[in-house]
$ cat data_6.cif   # mmCIF, C-alpha atoms
data_protein
loop_
_atom_site.label_atom_id
_atom_site.label_comp_id
_atom_site.auth_asym_id
_atom_site.auth_seq_id
_atom_site.Cartn_x
_atom_site.Cartn_y
_atom_site.Cartn_z
CA MET A 1 -42.17 67.24 89.66
CA PRO A 2 -40.73 69.01 86.60
CA PRO A 3 -38.84 72.30 87.17
CA GLU A 4 -40.95 75.44 87.24
CA GLY A 5 -41.89 76.54 83.75
CA GLU A 6 -41.13 73.18 82.16
CA LEU A 7 -43.90 71.74 80.01
CA ARG A 8 -44.82 68.10 80.40
CA TYR A 9 -47.61 65.98 78.95
CA PRO A 10 -48.53 62.39 79.70
CA SER A 11 -46.08 60.24 77.77
CA PRO A 12 -47.23 57.14 75.89
CA PRO A 13 -45.44 54.10 77.35
CA LEU A 14 -42.57 52.95 75.15
CA THR A 15 -43.27 49.27 75.78
CA ASP A 16 -47.01 49.37 75.12
CA SER A 17 -47.66 47.31 72.00
CA THR A 18 -50.73 49.44 71.22
CA THR A 19 -48.64 52.57 71.00
CA THR A 20 -48.17 53.38 67.32
CA ILE A 21 -45.35 55.19 65.62
CA ASP A 22 -47.68 58.12 64.98
CA ASP A 23 -48.69 58.28 68.66
CA GLU A 24 -45.09 58.47 69.80
CA ALA A 25 -43.98 60.99 67.17
CA GLY A 26 -47.12 63.03 67.69
CA TRP A 27 -46.56 63.27 71.44
CA VAL A 28 -42.96 64.42 71.01
CA TRP A 29 -43.92 66.90 68.29
CA ALA A 30 -46.67 68.38 70.49
CA GLN A 31 -44.13 68.76 73.28
CA ILE A 32 -41.66 70.48 70.95
CA LYS A 33 -44.23 72.98 69.66
CA ALA A 34 -45.43 73.81 73.17
CA GLU A 35 -41.84 74.41 74.28
CA ALA A 36 -41.18 76.61 71.24
CA ARG A 37 -44.27 78.73 71.95
CA ARG A 38 -43.20 79.18 75.55
CA ASP A 39 -39.67 80.17 74.53
CA ALA A 40 -40.90 82.58 71.86
CA GLU A 41 -43.06 84.33 74.45
CA SER A 42 -40.30 84.53 77.05
CA GLU A 43 -37.57 85.54 74.60
CA PRO A 44 -38.92 87.70 71.74
CA ALA A 45 -35.48 87.84 70.11
CA LEU A 46 -35.93 84.17 69.21
CA ALA A 47 -39.57 84.39 68.10
CA SER A 48 -38.84 84.61 64.36
CA TYR A 49 -36.25 81.83 64.56
CA LEU A 50 -38.58 79.54 66.49
CA TYR A 51 -41.44 80.23 64.09
CA SER A 52 -39.38 79.47 60.99
CA THR A 53 -37.74 76.32 62.38
CA ILE A 54 -40.58 74.79 64.43
CA LEU A 55 -43.90 76.60 64.70
CA SER A 56 -44.51 77.07 60.97
CA HIS A 57 -44.14 73.33 60.28
CA SER A 58 -46.80 70.64 60.46
CA SER A 59 -44.56 67.73 61.51
CA LEU A 60 -41.27 66.80 63.09
CA GLU A 61 -39.96 65.57 59.73
CA ARG A 62 -40.60 68.95 58.08
CA SER A 63 -39.08 70.91 60.94
CA LEU A 64 -36.01 68.67 61.09
CA SER A 65 -35.57 68.76 57.29
CA PHE A 66 -35.80 72.56 57.25
CA HIS A 67 -33.33 72.94 60.11
CA LEU A 68 -30.80 70.46 58.69
CA GLY A 69 -31.07 72.04 55.26
CA ASN A 70 -30.18 75.45 56.67
CA LYS A 71 -27.40 74.06 58.88
CA LEU A 72 -25.69 72.04 56.15
CA CYS A 73 -26.16 74.20 53.07
CA SER A 74 -23.30 75.90 51.27
CA SER A 75 -22.90 78.21 48.30
CA THR A 76 -23.08 75.20 45.98
CA LEU A 77 -25.28 72.84 48.04
CA LEU A 78 -28.45 74.85 48.40
CA SER A 79 -30.76 74.69 51.42
CA THR A 80 -33.81 74.08 49.20
CA LEU A 81 -32.14 71.06 47.61
CA LEU A 82 -31.19 69.68 51.02
CA TYR A 83 -34.67 70.33 52.42
CA ASP A 84 -36.25 68.29 49.63
CA LEU A 85 -33.64 65.55 50.05
CA PHE A 86 -34.14 65.26 53.81
CA LEU A 87 -37.93 65.49 53.67
CA ASN A 88 -38.27 62.90 50.89
CA THR A 89 -35.99 60.52 52.79
CA PHE A 90 -37.68 60.98 56.18
CA THR A 91 -41.20 60.62 54.78
CA SER A 92 -40.36 57.57 52.66
CA ASP A 93 -38.84 55.63 55.56
CA PRO A 94 -40.87 55.57 58.81
CA GLY A 95 -37.91 53.93 60.54
CA LEU A 96 -35.97 57.19 60.32
CA ARG A 97 -38.74 59.02 62.17
CA VAL A 98 -38.81 56.29 64.83
CA ALA A 99 -35.04 56.64 65.27
CA ALA A 100 -35.21 60.44 65.49
CA VAL A 101 -37.89 60.30 68.18
CA ALA A 102 -35.91 57.68 70.12
CA ASP A 103 -32.79 59.87 69.89
CA LEU A 104 -34.70 62.92 71.15
CA ARG A 105 -36.02 60.94 74.10
CA ALA A 106 -32.54 59.56 74.81
CA ALA A 107 -31.03 63.04 75.04
CA ARG A 108 -33.88 64.31 77.21
CA ALA A 109 -33.63 61.36 79.61
CA ARG A 110 -29.85 60.94 79.85
CA ASP A 111 -28.41 64.45 79.65
CA PRO A 112 -29.24 66.73 82.59
CA ALA A 113 -28.19 69.71 80.44
CA CYS A 114 -30.96 68.95 77.92
CA VAL A 115 -33.68 71.28 79.18
CA SER A 116 -36.26 70.43 76.50
CA PHE A 117 -36.94 68.43 73.37
CA SER A 118 -36.88 71.64 71.33
CA HIS A 119 -33.44 72.50 72.73
CA CYS A 120 -32.16 69.14 71.51
CA LEU A 121 -33.79 69.51 68.09
CA LEU A 122 -32.38 72.98 67.53
CA ASN A 123 -29.03 72.98 69.32
CA TYR A 124 -27.64 69.49 69.92
CA LYS A 125 -25.15 68.93 67.14
CA GLY A 126 -24.74 65.28 68.08
CA PHE A 127 -28.45 64.73 67.49
CA LEU A 128 -28.42 66.71 64.24
CA ALA A 129 -25.30 64.95 62.95
CA CYS A 130 -26.88 61.56 63.69
CA GLN A 131 -30.11 62.39 61.81
CA ALA A 132 -28.18 63.73 58.83
CA HIS A 133 -26.01 60.61 58.88
CA ARG A 134 -29.11 58.42 58.71
CA VAL A 135 -30.03 60.15 55.45
CA ALA A 136 -26.48 59.77 54.11
CA HIS A 137 -26.60 56.07 55.05
CA LYS A 138 -29.87 55.67 53.18
CA LEU A 139 -28.32 57.31 50.11
CA TRP A 140 -25.27 55.05 50.41
CA ASN A 141 -27.46 51.95 50.40
CA GLN A 142 -29.32 53.30 47.36
CA SER A 143 -25.98 53.51 45.49
CA ARG A 144 -26.16 57.31 45.50
CA ARG A 145 -22.67 57.35 46.93
CA PRO A 146 -21.32 60.66 45.56
CA LEU A 147 -24.22 62.49 47.22
CA ALA A 148 -23.83 60.44 50.41
CA LEU A 149 -20.14 61.36 50.59
CA ALA A 150 -20.86 65.04 49.86
CA LEU A 151 -23.38 65.06 52.73
CA HIS A 152 -20.90 63.25 54.96
CA SER A 153 -18.34 65.96 54.24
CA ARG A 154 -20.76 68.74 55.14
CA ILE A 155 -21.73 66.98 58.38
CA SER A 156 -18.06 66.76 59.32
CA ASP A 157 -17.41 70.41 58.41
CA VAL A 158 -20.43 71.83 60.24
CA PHE A 159 -20.77 69.57 63.29
CA ALA A 160 -17.19 68.25 63.73
CA VAL A 161 -18.62 64.72 63.73
CA ASP A 162 -17.16 62.31 61.16
CA ILE A 163 -19.36 59.27 60.49
CA HIS A 164 -18.78 57.32 57.31
CA PRO A 165 -22.10 56.99 55.45
CA ALA A 166 -21.79 53.20 55.35
CA ALA A 167 -21.64 52.92 59.16
CA LYS A 168 -24.75 51.36 60.73
CA ILE A 169 -26.29 53.11 63.73
CA GLY A 170 -29.27 51.97 65.81
CA LYS A 171 -31.84 54.11 67.61
CA GLY A 172 -31.97 55.71 71.04
CA ILE A 173 -28.47 57.10 70.42
CA LEU A 174 -26.90 59.91 72.44
CA PHE A 175 -23.80 61.64 71.08
CA ASP A 176 -23.11 63.76 74.16
CA HIS A 177 -21.22 66.95 73.16
CA ALA A 178 -20.21 65.03 70.02
CA THR A 179 -17.17 67.10 69.01
CA GLY A 180 -14.43 64.93 67.52
CA VAL A 181 -16.44 61.71 67.22
CA VAL A 182 -15.06 59.52 64.41
CA ILE A 183 -16.87 56.38 63.23
CA GLY A 184 -15.43 54.23 60.45
CA GLU A 185 -17.02 52.65 57.40
CA THR A 186 -17.77 49.15 58.71
CA ALA A 187 -18.62 50.15 62.28
CA VAL A 188 -21.95 49.01 63.73
CA ILE A 189 -23.62 50.66 66.74
CA GLY A 190 -26.60 49.02 68.45
CA ASN A 191 -29.60 50.58 70.19
CA ASN A 192 -29.60 52.76 73.32
CA VAL A 193 -25.87 53.53 73.09
CA SER A 194 -24.31 56.67 74.59
CA ILE A 195 -21.05 58.04 73.18
CA LEU A 196 -19.22 61.08 74.51
CA HIS A 197 -16.95 63.51 72.69
CA HIS A 198 -13.65 62.61 70.99
CA VAL A 199 -14.49 58.91 70.71
CA THR A 200 -12.92 57.02 67.80
CA LEU A 201 -14.31 53.79 66.36
CA GLY A 202 -11.52 53.18 63.89
CA GLY A 203 -9.46 50.67 61.96
CA THR A 204 -5.96 49.44 62.72
CA GLY A 205 -4.20 50.45 59.53
CA LYS A 206 -4.50 50.05 55.78
CA ALA A 207 -6.41 46.77 55.80
CA SER A 208 -9.68 46.82 53.89
CA GLY A 209 -12.86 44.82 54.49
CA ASP A 210 -14.71 44.54 57.78
CA ARG A 211 -12.28 46.44 60.00
CA HIS A 212 -14.19 48.59 62.50
CA PRO A 213 -15.76 48.00 65.94
CA LYS A 214 -19.17 46.48 66.61
CA ILE A 215 -20.89 48.14 69.57
CA GLY A 216 -23.66 46.20 71.32
CA ASP A 217 -26.92 47.55 72.71
CA GLY A 218 -26.80 49.69 75.85
CA VAL A 219 -23.05 50.42 75.74
CA LEU A 220 -21.54 53.58 77.26
CA ILE A 221 -18.29 54.90 75.74
CA GLY A 222 -16.56 57.61 77.77
CA ALA A 223 -14.91 60.75 76.45
CA GLY A 224 -11.71 60.29 74.46
CA ALA A 225 -11.97 56.49 74.25
CA THR A 226 -10.43 54.82 71.21
CA ILE A 227 -11.65 51.44 69.97
CA LEU A 228 -9.72 50.03 67.03
CA GLY A 229 -10.28 47.08 64.73
CA ASN A 230 -13.08 44.62 64.13
CA VAL A 231 -13.66 44.04 67.84
CA LYS A 232 -16.94 43.42 69.63
CA ILE A 233 -18.06 45.49 72.60
CA GLY A 234 -20.64 43.33 74.34
CA GLU A 235 -24.14 44.40 75.25
CA GLY A 236 -24.30 46.69 78.29
CA ALA A 237 -20.53 47.18 78.54
CA LYS A 238 -18.86 50.35 79.78
CA ILE A 239 -15.70 51.83 78.24
CA GLY A 240 -13.95 54.27 80.55
CA ALA A 241 -12.86 57.72 79.38
CA GLY A 242 -9.51 57.74 77.60
CA SER A 243 -9.35 53.95 77.23
CA VAL A 244 -7.68 52.29 74.25
CA VAL A 245 -9.50 49.06 73.37
CA LEU A 246 -7.98 46.59 70.89
CA ILE A 247 -9.74 43.32 71.83
CA ASP A 248 -13.30 42.18 72.53
CA VAL A 249 -15.02 43.37 75.70
CA PRO A 250 -17.49 40.93 77.32
CA PRO A 251 -21.10 41.98 77.92
CA ARG A 252 -21.94 43.84 81.15
CA THR A 253 -18.31 44.53 82.02
CA THR A 254 -16.22 47.68 82.49
CA THR A 255 -12.89 48.25 80.81
CA VAL A 256 -10.52 51.10 81.65
CA GLY A 257 -7.03 52.30 80.79
CA ASN A 258 -4.40 52.27 78.05
CA PRO A 259 -4.23 49.48 77.15
CA ALA A 260 -7.71 48.77 78.47
CA ARG A 261 -8.16 46.24 81.27
CA LEU A 262 -11.30 44.68 82.71
CA VAL A 263 -12.35 45.89 86.14
CA GLY A 264 -12.21 42.85 88.42
CA GLY A 265 -9.69 41.05 86.24
CA LYS A 266 -9.85 38.95 83.11
CA GLU A 267 -10.91 35.73 84.85
CA LYS A 268 -13.77 37.13 86.95
CA PRO A 269 -14.61 40.62 85.72
CA ALA A 270 -17.11 42.65 87.72
CA LYS A 271 -20.56 42.44 86.14
CA LEU A 272 -22.82 45.46 85.67
CA GLU A 273 -26.46 45.15 86.71
CA GLU A 274 -27.77 48.33 85.10
CA CYS A 275 -27.55 49.46 81.47
CA PRO A 276 -24.71 52.01 81.35
CA GLY A 277 -25.81 53.42 78.01
CA GLU A 278 -28.98 54.62 79.73
CA SER A 279 -27.76 55.27 83.28
CA MET A 280 -24.72 57.29 82.10
CA ASP A 281 -22.82 56.20 85.22
CA GLN A 282 -19.18 56.85 84.35
CA THR A 283 -17.39 56.63 87.68
CA SER A 284 -18.88 53.95 89.97
CA PHE A 285 -16.11 51.50 89.04
CA ILE A 286 -13.29 53.71 90.35
CA SER A 287 -13.18 52.27 93.88
CA ASP A 288 -12.92 48.75 92.45
CA TRP A 289 -10.29 49.64 89.88
CA SER A 290 -7.86 51.84 91.81
CA ASP A 291 -6.92 52.82 95.36
CA TYR A 292 -5.77 56.24 94.16
CA ILE A 293 -7.28 58.97 96.32
CA ILE A 294 -6.80 62.72 95.95
#
$ encode --input "data_6.cif" --output "structure tokens"
Amino acid sequence: MPPEGELRYPSPPLTDSTTTIDDEAGWVWAQIKAEARRDAESEPALASYLYSTILSHSSLERSLSFHLGNKLCSSTLLSTLLYDLFLNTFTSDPGLRVAAVADLRAARARDPACVSFSHCLLNYKGFLACQAHRVAHKLWNQSRRPLALALHSRISDVFAVDIHPAAKIGKGILFDHATGVVIGETAVIGNNVSILHHVTLGGTGKASGDRHPKIGDGVLIGAGATILGNVKIGEGAKIGAGSVVLIDVPPRTTTVGNPARLVGGKEKPAKLEECPGESMDQTSFISDWSDYII
């Protein structure tokens, strides 16, 4: 049962082939508006804010565009310009709406601190930085690179998340806390990946070309981990907090330490049965990796 006061509606199954993009987005948007109404009634001090950011809008794309425009504007980069930019980009590419909905659901399912979809939409800077990056990435691919880089700079300034606009990011992404995340130009992140704060996906020096990590689907990267170079992190792998990874990590394995080592050893590493990017299990390997006991 949901906690008292929490609003829930029947959710369309994610794997049902008859479920359309509009069904999924519509369900999430209905949930967000219901949550906003509840919060406005329980906390009148937020009523005007919730009306202007959520309740006055007819769709998730409009609400998100308005909110990002206000978050990222400056004295020379006006909120109205950004609103038009975000809205035109979101409405012209249905894939961006699909990704935003998947990211909202990822935060709600994986983070116990995420009390509602509306909380994520309004307050999760990792979610907001990711959606703004998707627009910057679209601009980059359209050869509107000065604007993409200007947006990238504002995202970094406002959210303390530095993602190069050329970096490719899948859907169902959770940037948990997000502060200090750095993702380089040629990095690729798959679907259903969870990344905690102060993670670096970087290069190894001054070399140009394809020089950043490739993160497979369902990967979990713990806080403070550093992955350098054009290395591949296999599907469903787990990178322990604080690890420094310089070589490929096989699928469904756990690597920990500085330099990182495979739990279970290189020859027969322990294999993970669940998807760590979704389970968010960060500590179950400890008994296999170390006999250290406090």
$ atom_distance --input "data_6.cif" --atom1 "atom CA of Leu149 of chain A" --atom2 "atom CA of Gly184 of chain A"
13.0 Å
$ atom_distance --input "data_6.cif" --atom1 "atom CA of Val98 of chain A" --atom2 "atom CA of Gln31 of chain A"
16.0 Å
$ resolve_selection --input "data_6.cif" --expression "the PyMOL selection byres ((chain A and resi 163) around 9)" --output "VMD selection string"
chain A and resid 129 to 130 133 152 155 to 156 161 to 162 164 to 167 181 to 185
$ resolve_selection --input "data_6.cif" --expression "the PyMOL selection byres ((chain A and resi 83-97) around 7)" --output "list of chain:residue names"
A:Glu61, A:Arg62, A:Ser65, A:Phe66, A:Gly69, A:Ser79, A:Thr80, A:Leu81, A:Leu82, A:Val98, A:Ala99, A:Ala100, A:Val101, A:Val135
$ resolve_selection --input "data_6.cif" --expression "the PyMOL selection byres ((chain A and resi 50) around 10)" --output "MDAnalysis selection string"
chainID A and resid 33 35:37 39:40 44:49 51:56 118 122
$ atom_distance --input "data_6.cif" --atom1 "atom CA of Ala107 of chain A" --atom2 "atom CA of Ser284 of chain A"
21.3 Å
$ residues_near_point --input "data_6.cif" --point "(-24.4, 48.3, 71.4)" --cutoff "12 Å" --atoms "all atoms listed in the file" --output "JSON list (two decimals) with C-alpha atoms, in the frame of the given file"
[["chain", "number", "residue", "atom", "x", "y", "z"],
["A", 168, "LYS", "CA", -24.75, 51.36, 60.73],
["A", 169, "ILE", "CA", -26.29, 53.11, 63.73],
["A", 170, "GLY", "CA", -29.27, 51.97, 65.81],
["A", 171, "LYS", "CA", -31.84, 54.11, 67.61],
["A", 172, "GLY", "CA", -31.97, 55.71, 71.04],
["A", 173, "ILE", "CA", -28.47, 57.10, 70.42],
["A", 174, "LEU", "CA", -26.90, 59.91, 72.44],
["A", 187, "ALA", "CA", -18.62, 50.15, 62.28],
["A", 188, "VAL", "CA", -21.95, 49.01, 63.73],
["A", 189, "ILE", "CA", -23.62, 50.66, 66.74],
["A", 190, "GLY", "CA", -26.60, 49.02, 68.45],
["A", 191, "ASN", "CA", -29.60, 50.58, 70.19],
["A", 192, "ASN", "CA", -29.60, 52.76, 73.32],
["A", 193, "VAL", "CA", -25.87, 53.53, 73.09],
["A", 194, "SER", "CA", -24.31, 56.67, 74.59],
["A", 195, "ILE", "CA", -21.05, 58.04, 73.18],
["A", 213, "PRO", "CA", -15.76, 48.00, 65.94],
["A", 214, "LYS", "CA", -19.17, 46.48, 66.61],
["A", 215, "ILE", "CA", -20.89, 48.14, 69.57],
["A", 216, "GLY", "CA", -23.66, 46.20, 71.32],
["A", 217, "ASP", "CA", -26.92, 47.55, 72.71],
["A", 218, "GLY", "CA", -26.80, 49.69, 75.85],
["A", 219, "VAL", "CA", -23.05, 50.42, 75.74],
["A", 220, "LEU", "CA", -21.54, 53.58, 77.26],
["A", 221, "ILE", "CA", -18.29, 54.90, 75.74],
["A", 232, "LYS", "CA", -16.94, 43.42, 69.63],
["A", 233, "ILE", "CA", -18.06, 45.49, 72.60],
["A", 234, "GLY", "CA", -20.64, 43.33, 74.34],
["A", 235, "GLU", "CA", -24.14, 44.40, 75.25],
["A", 236, "GLY", "CA", -24.30, 46.69, 78.29],
["A", 237, "ALA", "CA", -20.53, 47.18, 78.54],
["A", 238, "LYS", "CA", -18.86, 50.35, 79.78],
["A", 239, "ILE", "CA", -15.70, 51.83, 78.24],
["A", 249, "VAL", "CA", -15.02, 43.37, 75.70],
["A", 250, "PRO", "CA", -17.49, 40.93, 77.32],
["A", 251, "PRO", "CA", -21.10, 41.98, 77.92],
["A", 252, "ARG", "CA", -21.94, 43.84, 81.15],
["A", 275, "CYS", "CA", -27.55, 49.46, 81.47],
["A", 276, "PRO", "CA", -24.71, 52.01, 81.35],
["A", 277, "GLY", "CA", -25.81, 53.42, 78.01],
["A", 278, "GLU", "CA", -28.98, 54.62, 79.73]]
$ build_atoms --input "data_6.cif" --residues "segment 20-40 of chain A" --atoms "N, CA, C and O atoms" --output "CSV table (one decimal), in the coordinates of the input"
chain,number,residue,atom,x,y,z
A,20,THR,N,-48.6,53.4,68.7
A,20,THR,CA,-48.2,53.4,67.3
A,20,THR,C,-47.0,54.4,67.1
A,20,THR,O,-46.8,55.2,68.0
A,21,ILE,N,-46.4,54.3,66.0
A,21,ILE,CA,-45.4,55.2,65.6
A,21,ILE,C,-45.9,56.6,65.6
A,21,ILE,O,-45.3,57.5,66.1
A,22,ASP,N,-47.1,56.8,65.1
A,22,ASP,CA,-47.7,58.1,65.0
A,22,ASP,C,-48.0,58.7,66.4
A,22,ASP,O,-47.8,59.9,66.6
A,23,ASP,N,-48.4,57.8,67.3
A,23,ASP,CA,-48.7,58.3,68.7
A,23,ASP,C,-47.4,58.8,69.3
A,23,ASP,O,-47.4,59.9,69.9
A,24,GLU,N,-46.4,58.1,69.2
A,24,GLU,CA,-45.1,58.5,69.8
A,24,GLU,C,-44.5,59.8,69.2
A,24,GLU,O,-44.2,60.7,69.9
A,25,ALA,N,-44.5,59.8,67.9
A,25,ALA,CA,-44.0,61.0,67.2
A,25,ALA,C,-44.9,62.2,67.4
A,25,ALA,O,-44.4,63.3,67.6
A,26,GLY,N,-46.2,61.9,67.5
A,26,GLY,CA,-47.1,63.0,67.7
A,26,GLY,C,-47.0,63.6,69.1
A,26,GLY,O,-47.1,64.9,69.2
A,27,TRP,N,-46.8,62.8,70.1
A,27,TRP,CA,-46.6,63.3,71.4
A,27,TRP,C,-45.3,64.1,71.5
A,27,TRP,O,-45.3,65.2,72.1
A,28,VAL,N,-44.2,63.7,71.0
A,28,VAL,CA,-43.0,64.4,71.0
A,28,VAL,C,-43.1,65.7,70.2
A,28,VAL,O,-42.6,66.8,70.7
A,29,TRP,N,-43.7,65.7,69.1
A,29,TRP,CA,-43.9,66.9,68.3
A,29,TRP,C,-44.8,67.9,69.0
A,29,TRP,O,-44.5,69.1,69.0
A,30,ALA,N,-45.8,67.5,69.7
A,30,ALA,CA,-46.7,68.4,70.5
A,30,ALA,C,-45.9,69.0,71.6
A,30,ALA,O,-46.0,70.2,71.9
A,31,GLN,N,-45.0,68.2,72.2
A,31,GLN,CA,-44.1,68.8,73.3
A,31,GLN,C,-43.2,69.8,72.7
A,31,GLN,O,-43.0,70.9,73.3
A,32,ILE,N,-42.6,69.6,71.6
A,32,ILE,CA,-41.7,70.5,71.0
A,32,ILE,C,-42.3,71.8,70.6
A,32,ILE,O,-41.8,72.9,70.9
A,33,LYS,N,-43.5,71.8,70.0
A,33,LYS,CA,-44.2,73.0,69.7
A,33,LYS,C,-44.6,73.8,70.9
A,33,LYS,O,-44.6,75.0,70.9
A,34,ALA,N,-45.1,73.1,71.9
A,34,ALA,CA,-45.4,73.8,73.2
A,34,ALA,C,-44.2,74.5,73.8
A,34,ALA,O,-44.3,75.6,74.3
A,35,GLU,N,-43.1,73.8,73.8
A,35,GLU,CA,-41.8,74.4,74.3
A,35,GLU,C,-41.4,75.6,73.5
A,35,GLU,O,-41.0,76.6,74.0
A,36,ALA,N,-41.6,75.5,72.1
A,36,ALA,CA,-41.2,76.6,71.2
A,36,ALA,C,-42.1,77.8,71.5
A,36,ALA,O,-41.6,79.0,71.5
A,37,ARG,N,-43.4,77.6,71.7
A,37,ARG,CA,-44.3,78.7,72.0
A,37,ARG,C,-43.9,79.4,73.3
A,37,ARG,O,-43.9,80.6,73.4
A,38,ARG,N,-43.6,78.6,74.3
A,38,ARG,CA,-43.2,79.2,75.6
A,38,ARG,C,-41.9,80.0,75.4
A,38,ARG,O,-41.8,81.1,75.9
A,39,ASP,N,-40.9,79.5,74.7
A,39,ASP,CA,-39.7,80.2,74.5
A,39,ASP,C,-39.8,81.4,73.7
A,39,ASP,O,-39.1,82.4,73.9
A,40,ALA,N,-40.7,81.4,72.7
A,40,ALA,CA,-40.9,82.6,71.9
A,40,ALA,C,-41.5,83.7,72.7
A,40,ALA,O,-41.2,84.9,72.5
